[in-house]
Amino acid sequence: MTTVTVENVHKYLGVGAQRTHVLRGIDLQASAGEFVGLAGKSGSGKTTLLRAIAGLIPVDKGRIDVLGIDVGQASEAQVLDLRRNVVGFVHQDDLLIQELTAAENVMLVLSAAGVSQRDAEAMATDSLARVGLGELLDRYPAELSRGQCQRVGIARALSGERRVLLADEPSAALDTENSHSMFGLFRDLAEAGSTVIATSHDPIMNEYCHTGYALVDGRIEAGEVRGG
């Protein structure tokens, strides 16, 4: 089942002489059960594309569909619901609140979405177990490794059973061992039914993604199956 469709998407950033054509006719599809990797140099448009899929920025031309919702034509309420309940976003920095435990960091997002305390606790526990941190619910970020903190960020993005996970350069601050672990987790999450789209400079990603694309100057190159 196709969950994300990007058709002929163009995006400009800046104004006047600083106006830049960042995305130049992007076409992309991703399905449930698929881990899609997007490689490319800084400035190639990777982050802009992810932010557009998440409904964080509008596009200037083209269409983005996420699970039947036309992101560009959706109301503000529909886009907000998409980000709260369907699409999770993993940033380069885990953005954890140091004064909260791993479970509380995940619960905070759920509570903001109107989930009850009891349900938020259950969902946070489930999400952290899915990323291999089921025994570390009560640990604070300072008590966790860098890789574990990134996993808490992933658990937060998955909380509430979101079906689409977008990750922007998630291995930027990780060492080789943790990068392998995280990209392996993305593949496992995809094969459990999620759609995962990640950007990275890291060639390790190519060992785990099902389909890999390269962005070059705002254009996407043909994908190929990777990682078996």
# chains A, B, ... in the order shown; residues from 1 in each chain; ligands from 1
call {"tool": "select_by_dssp", "arguments": {"residues": "range 4-141 of chain A", "states": "strand (DSSP E)", "output": "VMD selection string"}}
result
chain A and resid 4 to 13 20 to 31 35 to 39 61 to 66 69 to 70 87 to 90
call {"tool": "residues_around", "arguments": {"residues": "Arg139 in chain A", "least_positions_apart": "5", "cutoff": "7 Å", "atoms": "only C-alpha atoms", "output": "MDAnalysis selection string"}}
result
chainID A and resid 101:102 144
call {"tool": "closest_residue", "arguments": {"among": "A:Arg219, A:Arg187, A:Arg163, A:Lys46", "to": "Ala32 in chain A", "atoms": "only C-alpha atoms"}}
result
A:Arg163
call {"tool": "closest_residue", "arguments": {"among": "A:Gln73, A:Gln78, A:Ser42, A:Ser159", "to": "Met107 in chain A", "atoms": "only C-alpha atoms"}}
result
A:Ser159
call {"tool": "residues_around", "arguments": {"residues": "range 165-177 of chain A", "least_positions_apart": "5", "cutoff": "7 Å", "atoms": "only C-alpha atoms", "output": "list in words"}}
result
Thr47, Leu50, Val87, Gly88, Phe89, Val90, His91, Gln92, Arg146, Gly147, Ala157, Leu158, Thr195, Val196, Ile197, Ala198, Thr199 and Ser200 of chain A
call {"tool": "write_last_selection", "arguments": {"atoms": "C-alpha atoms", "output": "short mmCIF file (atom, residue, chain, number, x, y, z; two decimals), in the first residue's frame"}}
result
data_model
loop_
_atom_site.label_atom_id
_atom_site.label_comp_id
_atom_site.auth_asym_id
_atom_site.auth_seq_id
_atom_site.Cartn_x
_atom_site.Cartn_y
_atom_site.Cartn_z
CA THR A 47 15.44 18.49 4.59
CA LEU A 50 10.92 15.97 4.40
CA VAL A 87 3.49 11.42 10.66
CA GLY A 88 6.35 11.40 13.16
CA PHE A 89 9.46 13.55 12.62
CA VAL A 90 12.92 12.66 13.94
CA HIS A 91 15.34 15.61 14.01
CA GLN A 92 19.15 15.66 13.85
CA ARG A 146 23.86 9.33 22.66
CA GLY A 147 22.41 6.45 20.67
CA ALA A 157 8.01 10.24 16.83
CA LEU A 158 6.33 6.82 16.68
CA THR A 195 6.76 3.70 6.27
CA VAL A 196 10.20 5.16 7.01
CA ILE A 197 11.82 7.93 4.96
CA ALA A 198 15.24 9.06 6.16
CA THR A 199 17.85 11.48 4.85
CA SER A 200 21.55 11.02 5.53
#
call {"tool": "select_by_dssp", "arguments": {"residues": "range 83-224 of chain A", "states": "alpha helix (DSSP H)", "output": "VMD selection string"}}
result
chain A and resid 83 to 85 102 to 112 117 to 130 146 to 158 176 to 191
call {"tool": "residues_around", "arguments": {"residues": "Met123 in chain A", "least_positions_apart": "3", "cutoff": "12 Å", "atoms": "only C-alpha atoms", "output": "NGL selection string"}}
result
:A and (103-111 or 115-120 or 126-130 or 134 or 137 or 155-162)
call {"tool": "write_last_selection", "arguments": {"atoms": "N, CA, C and O atoms", "output": "tab-separated table (two decimals), in the first residue's frame"}}
result
chain	number	residue	atom	x	y	z
A	103	ALA	N	10.35	8.05	29.42
A	103	ALA	CA	8.90	7.88	29.28
A	103	ALA	C	8.17	9.21	29.29
A	103	ALA	O	7.25	9.44	28.50
A	104	GLU	N	8.58	10.12	30.16
A	104	GLU	CA	7.92	11.42	30.25
A	104	GLU	C	8.14	12.25	28.99
A	104	GLU	O	7.25	13.00	28.58
A	105	ASN	N	9.31	12.13	28.36
A	105	ASN	CA	9.56	12.84	27.10
A	105	ASN	C	8.59	12.38	26.02
A	105	ASN	O	8.11	13.18	25.22
A	106	VAL	N	8.33	11.08	25.98
A	106	VAL	CA	7.38	10.55	24.99
A	106	VAL	C	5.95	10.94	25.36
A	106	VAL	O	5.16	11.35	24.51
A	107	MET	N	5.62	10.85	26.65
A	107	MET	CA	4.26	11.16	27.10
A	107	MET	C	3.89	12.61	26.86
A	107	MET	O	2.72	12.93	26.62
A	108	LEU	N	4.88	13.49	26.90
A	108	LEU	CA	4.61	14.92	26.73
A	108	LEU	C	3.95	15.20	25.39
A	108	LEU	O	3.00	15.98	25.28
A	109	VAL	N	4.44	14.54	24.35
A	109	VAL	CA	3.89	14.72	23.00
A	109	VAL	C	2.47	14.18	22.94
A	109	VAL	O	1.57	14.79	22.34
A	110	LEU	N	2.24	13.03	23.57
A	110	LEU	CA	0.92	12.42	23.57
A	110	LEU	C	-0.09	13.27	24.34
A	110	LEU	O	-1.23	13.45	23.91
A	111	SER	N	0.34	13.80	25.47
A	111	SER	CA	-0.54	14.65	26.27
A	111	SER	C	-0.94	15.90	25.49
A	111	SER	O	-2.10	16.35	25.56
A	115	VAL	N	-4.19	12.97	24.57
A	115	VAL	CA	-4.28	11.61	25.08
A	115	VAL	C	-4.31	11.64	26.61
A	115	VAL	O	-3.59	12.42	27.23
A	116	SER	N	-5.13	10.81	27.21
A	116	SER	CA	-5.24	10.77	28.67
A	116	SER	C	-3.93	10.30	29.29
A	116	SER	O	-3.12	9.64	28.65
A	117	GLN	N	-3.73	10.63	30.57
A	117	GLN	CA	-2.50	10.25	31.27
A	117	GLN	C	-2.30	8.74	31.24
A	117	GLN	O	-1.21	8.25	30.96
A	118	ARG	N	-3.35	8.01	31.51
A	118	ARG	CA	-3.25	6.54	31.54
A	118	ARG	C	-2.86	5.99	30.18
A	118	ARG	O	-1.97	5.14	30.07
A	119	ASP	N	-3.54	6.46	29.13
A	119	ASP	CA	-3.23	5.96	27.79
A	119	ASP	C	-1.85	6.40	27.34
A	119	ASP	O	-1.13	5.66	26.65
A	120	ALA	N	-1.45	7.63	27.72
A	120	ALA	CA	-0.13	8.14	27.34
A	120	ALA	C	0.97	7.28	27.96
A	120	ALA	O	1.99	6.98	27.31
A	126	ASP	N	4.95	1.29	25.27
A	126	ASP	CA	4.97	0.48	24.05
A	126	ASP	C	5.98	1.03	23.04
A	126	ASP	O	6.77	0.26	22.45
A	127	SER	N	5.99	2.35	22.84
A	127	SER	CA	6.90	2.96	21.87
A	127	SER	C	8.36	2.74	22.26
A	127	SER	O	9.21	2.43	21.42
A	128	LEU	N	8.67	2.89	23.54
A	128	LEU	CA	10.04	2.71	24.00
A	128	LEU	C	10.46	1.24	23.90
A	128	LEU	O	11.62	0.94	23.59
A	129	ALA	N	9.52	0.34	24.12
A	129	ALA	CA	9.83	-1.08	23.96
A	129	ALA	C	10.14	-1.39	22.50
A	129	ALA	O	11.04	-2.19	22.20
A	130	ARG	N	9.44	-0.76	21.58
A	130	ARG	CA	9.65	-1.01	20.15
A	130	ARG	C	11.04	-0.60	19.70
A	130	ARG	O	11.58	-1.16	18.75
A	134	GLY	N	12.75	-0.67	26.57
A	134	GLY	CA	11.71	-1.02	27.50
A	134	GLY	C	12.15	-1.09	28.96
A	134	GLY	O	11.33	-0.94	29.86
A	137	LEU	N	12.78	3.11	30.97
A	137	LEU	CA	11.70	4.10	30.96
A	137	LEU	C	11.95	5.26	31.91
A	137	LEU	O	11.60	6.41	31.62
A	155	ALA	N	11.19	6.93	19.44
A	155	ALA	CA	10.00	6.44	20.14
A	155	ALA	C	8.95	7.55	20.24
A	155	ALA	O	7.75	7.31	20.07
A	156	ARG	N	9.40	8.76	20.51
A	156	ARG	CA	8.47	9.90	20.60
A	156	ARG	C	7.80	10.14	19.25
A	156	ARG	O	6.59	10.41	19.18
A	157	ALA	N	8.57	10.03	18.16
A	157	ALA	CA	8.01	10.24	16.83
A	157	ALA	C	7.02	9.15	16.44
A	157	ALA	O	6.10	9.38	15.66
A	158	LEU	N	7.21	7.94	16.99
A	158	LEU	CA	6.33	6.82	16.68
A	158	LEU	C	5.12	6.76	17.59
A	158	LEU	O	4.17	6.03	17.31
A	159	SER	N	5.14	7.48	18.69
A	159	SER	CA	4.11	7.35	19.72
A	159	SER	C	2.72	7.62	19.14
A	159	SER	O	2.54	8.43	18.24
A	160	GLY	N	1.74	6.91	19.69
A	160	GLY	CA	0.39	7.04	19.18
A	160	GLY	C	0.17	6.25	17.91
A	160	GLY	O	-0.79	6.47	17.18
A	161	GLU	N	1.07	5.32	17.62
A	161	GLU	CA	0.97	4.43	16.46
A	161	GLU	C	0.98	5.20	15.15
A	161	GLU	O	0.24	4.88	14.20
A	162	ARG	N	1.81	6.21	15.05
A	162	ARG	CA	1.99	6.90	13.78
A	162	ARG	C	2.50	5.92	12.74
A	162	ARG	O	3.35	5.08	13.03
call {"tool": "residues_around", "arguments": {"residues": "Leu56 in chain A", "least_positions_apart": "2", "cutoff": "12 Å", "atoms": "only C-alpha atoms", "output": "mmCIF file with all heavy atoms, in the first residue's frame"}}
result
data_model
loop_
_atom_site.group_PDB
_atom_site.id
_atom_site.type_symbol
_atom_site.label_atom_id
_atom_site.label_comp_id
_atom_site.auth_asym_id
_atom_site.auth_seq_id
_atom_site.Cartn_x
_atom_site.Cartn_y
_atom_site.Cartn_z
ATOM 1 N N THR A 47 16.228 18.030 3.441
ATOM 2 C CA THR A 47 15.444 18.493 4.588
ATOM 3 C C THR A 47 14.176 19.199 4.128
ATOM 4 O O THR A 47 13.102 19.009 4.703
ATOM 5 C CB THR A 47 16.283 19.424 5.473
ATOM 6 O OG1 THR A 47 17.390 18.694 6.002
ATOM 7 C CG2 THR A 47 15.460 19.982 6.619
ATOM 8 N N THR A 48 14.280 20.000 3.090
ATOM 9 C CA THR A 48 13.112 20.705 2.557
ATOM 10 C C THR A 48 12.045 19.713 2.118
ATOM 11 O O THR A 48 10.849 19.908 2.385
ATOM 12 C CB THR A 48 13.518 21.603 1.377
ATOM 13 O OG1 THR A 48 14.491 22.555 1.817
ATOM 14 C CG2 THR A 48 12.324 22.345 0.800
ATOM 15 N N LEU A 49 12.459 18.636 1.474
ATOM 16 C CA LEU A 49 11.502 17.624 1.021
ATOM 17 C C LEU A 49 10.800 16.971 2.207
ATOM 18 O O LEU A 49 9.566 16.821 2.210
ATOM 19 C CB LEU A 49 12.218 16.575 0.176
ATOM 20 C CG LEU A 49 11.358 15.403 -0.317
ATOM 21 C CD1 LEU A 49 10.173 15.898 -1.132
ATOM 22 C CD2 LEU A 49 12.208 14.433 -1.141
ATOM 23 N N LEU A 50 11.548 16.593 3.229
ATOM 24 C CA LEU A 50 10.923 15.972 4.401
ATOM 25 C C LEU A 50 9.947 16.926 5.075
ATOM 26 O O LEU A 50 8.854 16.526 5.493
ATOM 27 C CB LEU A 50 11.987 15.540 5.412
ATOM 28 C CG LEU A 50 12.789 14.268 5.136
ATOM 29 C CD1 LEU A 50 13.521 13.840 6.401
ATOM 30 C CD2 LEU A 50 11.920 13.137 4.635
ATOM 31 N N ARG A 51 10.339 18.184 5.209
ATOM 32 C CA ARG A 51 9.466 19.160 5.867
ATOM 33 C C ARG A 51 8.189 19.385 5.061
ATOM 34 O O ARG A 51 7.114 19.591 5.632
ATOM 35 C CB ARG A 51 10.215 20.482 6.070
ATOM 36 C CG ARG A 51 11.282 20.392 7.150
ATOM 37 C CD ARG A 51 12.124 21.666 7.231
ATOM 38 N NE ARG A 51 11.327 22.844 7.500
ATOM 39 C CZ ARG A 51 10.893 23.204 8.695
ATOM 40 N NH1 ARG A 51 11.184 22.452 9.752
ATOM 41 N NH2 ARG A 51 10.179 24.297 8.864
ATOM 42 N N ALA A 52 8.293 19.306 3.749
ATOM 43 C CA ALA A 52 7.102 19.451 2.903
ATOM 44 C C ALA A 52 6.175 18.250 3.063
ATOM 45 O O ALA A 52 4.949 18.396 3.152
ATOM 46 C CB ALA A 52 7.514 19.618 1.443
ATOM 47 N N ILE A 53 6.734 17.042 3.121
ATOM 48 C CA ILE A 53 5.919 15.841 3.312
ATOM 49 C C ILE A 53 5.182 15.905 4.647
ATOM 50 O O ILE A 53 4.023 15.498 4.752
ATOM 51 C CB ILE A 53 6.797 14.576 3.231
ATOM 52 C CG1 ILE A 53 7.344 14.392 1.809
ATOM 53 C CG2 ILE A 53 6.001 13.337 3.639
ATOM 54 C CD1 ILE A 53 8.375 13.277 1.686
ATOM 55 N N ALA A 54 5.853 16.430 5.658
ATOM 56 C CA ALA A 54 5.251 16.536 6.992
ATOM 57 C C ALA A 54 4.237 17.666 7.104
ATOM 58 O O ALA A 54 3.570 17.807 8.135
ATOM 59 C CB ALA A 54 6.343 16.728 8.038
ATOM 60 N N PRO A 58 4.760 24.777 2.871
ATOM 61 C CA PRO A 58 4.007 24.547 1.634
ATOM 62 C C PRO A 58 4.957 24.413 0.449
ATOM 63 O O PRO A 58 6.105 24.853 0.508
ATOM 64 C CB PRO A 58 3.165 25.822 1.511
ATOM 65 C CG PRO A 58 4.035 26.879 2.138
ATOM 66 C CD PRO A 58 4.746 26.197 3.287
ATOM 67 N N VAL A 59 4.469 23.796 -0.615
ATOM 68 C CA VAL A 59 5.263 23.733 -1.845
ATOM 69 C C VAL A 59 4.693 24.742 -2.833
ATOM 70 O O VAL A 59 3.558 25.210 -2.692
ATOM 71 C CB VAL A 59 5.262 22.313 -2.451
ATOM 72 C CG1 VAL A 59 5.874 21.335 -1.466
ATOM 73 C CG2 VAL A 59 3.866 21.870 -2.852
ATOM 74 N N VAL A 71 -1.772 17.100 1.160
ATOM 75 C CA VAL A 71 -1.226 18.010 2.170
ATOM 76 C C VAL A 71 -1.374 19.468 1.772
ATOM 77 O O VAL A 71 -1.670 20.333 2.601
ATOM 78 C CB VAL A 71 0.259 17.665 2.448
ATOM 79 C CG1 VAL A 71 0.850 18.634 3.466
ATOM 80 C CG2 VAL A 71 0.381 16.228 2.956
ATOM 81 N N GLY A 72 -1.204 19.763 0.499
ATOM 82 C CA GLY A 72 -1.291 21.148 0.043
ATOM 83 C C GLY A 72 -2.692 21.715 0.068
ATOM 84 O O GLY A 72 -2.878 22.930 0.207
ATOM 85 N N GLU A 76 -5.840 23.606 7.891
ATOM 86 C CA GLU A 76 -4.852 23.676 8.971
ATOM 87 C C GLU A 76 -5.111 22.595 10.015
ATOM 88 O O GLU A 76 -4.178 21.968 10.531
ATOM 89 C CB GLU A 76 -4.897 25.062 9.617
ATOM 90 C CG GLU A 76 -3.846 25.276 10.690
ATOM 91 C CD GLU A 76 -3.865 26.688 11.241
ATOM 92 O OE1 GLU A 76 -4.423 27.585 10.577
ATOM 93 O OE2 GLU A 76 -3.316 26.900 12.348
ATOM 94 N N VAL A 79 -3.916 19.185 8.664
ATOM 95 C CA VAL A 79 -2.460 19.071 8.686
ATOM 96 C C VAL A 79 -1.968 18.858 10.114
ATOM 97 O O VAL A 79 -1.056 18.055 10.361
ATOM 98 C CB VAL A 79 -1.800 20.318 8.057
ATOM 99 C CG1 VAL A 79 -0.284 20.273 8.242
ATOM 100 C CG2 VAL A 79 -2.132 20.403 6.574
ATOM 101 N N LEU A 80 -2.572 19.565 11.063
ATOM 102 C CA LEU A 80 -2.206 19.389 12.470
ATOM 103 C C LEU A 80 -2.508 17.963 12.914
ATOM 104 O O LEU A 80 -1.693 17.326 13.603
ATOM 105 C CB LEU A 80 -2.966 20.388 13.341
ATOM 106 C CG LEU A 80 -2.655 20.340 14.839
ATOM 107 C CD1 LEU A 80 -1.179 20.590 15.101
ATOM 108 C CD2 LEU A 80 -3.515 21.361 15.590
ATOM 109 N N LEU A 82 -2.594 15.369 11.006
ATOM 110 C CA LEU A 82 -1.624 14.524 10.311
ATOM 111 C C LEU A 82 -0.331 14.432 11.115
ATOM 112 O O LEU A 82 0.223 13.344 11.311
ATOM 113 C CB LEU A 82 -1.347 15.099 8.920
ATOM 114 C CG LEU A 82 -0.510 14.265 7.965
ATOM 115 C CD1 LEU A 82 -1.332 13.100 7.414
ATOM 116 C CD2 LEU A 82 0.005 15.116 6.812
ATOM 117 N N ARG A 83 0.147 15.593 11.607
ATOM 118 C CA ARG A 83 1.406 15.600 12.350
ATOM 119 C C ARG A 83 1.248 14.980 13.744
ATOM 120 O O ARG A 83 2.197 14.413 14.274
ATOM 121 C CB ARG A 83 1.942 17.025 12.459
ATOM 122 C CG ARG A 83 2.357 17.627 11.114
ATOM 123 C CD ARG A 83 3.366 18.741 11.296
ATOM 124 N NE ARG A 83 2.849 19.847 12.052
ATOM 125 C CZ ARG A 83 2.243 20.907 11.522
ATOM 126 N NH1 ARG A 83 2.081 20.992 10.218
ATOM 127 N NH2 ARG A 83 1.815 21.886 12.282
ATOM 128 N N VAL A 87 2.089 11.228 11.051
ATOM 129 C CA VAL A 87 3.489 11.421 10.658
ATOM 130 C C VAL A 87 4.325 11.806 11.867
ATOM 131 O O VAL A 87 4.015 12.767 12.574
ATOM 132 C CB VAL A 87 3.606 12.525 9.585
ATOM 133 C CG1 VAL A 87 5.075 12.780 9.245
ATOM 134 C CG2 VAL A 87 2.842 12.121 8.325
ATOM 135 N N GLY A 88 5.392 11.059 12.111
ATOM 136 C CA GLY A 88 6.354 11.398 13.157
ATOM 137 C C GLY A 88 7.633 11.918 12.531
ATOM 138 O O GLY A 88 8.041 11.450 11.465
ATOM 139 N N PHE A 89 8.265 12.903 13.181
ATOM 140 C CA PHE A 89 9.458 13.548 12.620
ATOM 141 C C PHE A 89 10.613 13.401 13.607
ATOM 142 O O PHE A 89 10.496 13.798 14.762
ATOM 143 C CB PHE A 89 9.181 15.022 12.349
ATOM 144 C CG PHE A 89 10.067 15.634 11.300
ATOM 145 C CD1 PHE A 89 9.590 15.880 10.020
ATOM 146 C CD2 PHE A 89 11.393 15.959 11.583
ATOM 147 C CE1 PHE A 89 10.408 16.446 9.046
ATOM 148 C CE2 PHE A 89 12.211 16.520 10.625
ATOM 149 C CZ PHE A 89 11.718 16.766 9.347
#
call {"tool": "closest_residue", "arguments": {"among": "A:Ala192, A:Ile26, A:Val216, A:Leu95", "to": "Gly40 in chain A", "atoms": "only C-alpha atoms"}}
result
A:Val216
call {"tool": "residues_around", "arguments": {"residues": "Thr2 in chain A", "least_positions_apart": "3", "cutoff": "8 Å", "atoms": "only C-alpha atoms", "output": "ChimeraX atom specification"}}
result
/A:5,29-32,67
call {"tool": "atom_distance", "arguments": {"atom1": "CA of Asp138 in chain A", "atom2": "CA of Gln98 in chain A"}}
result
12.3 Å
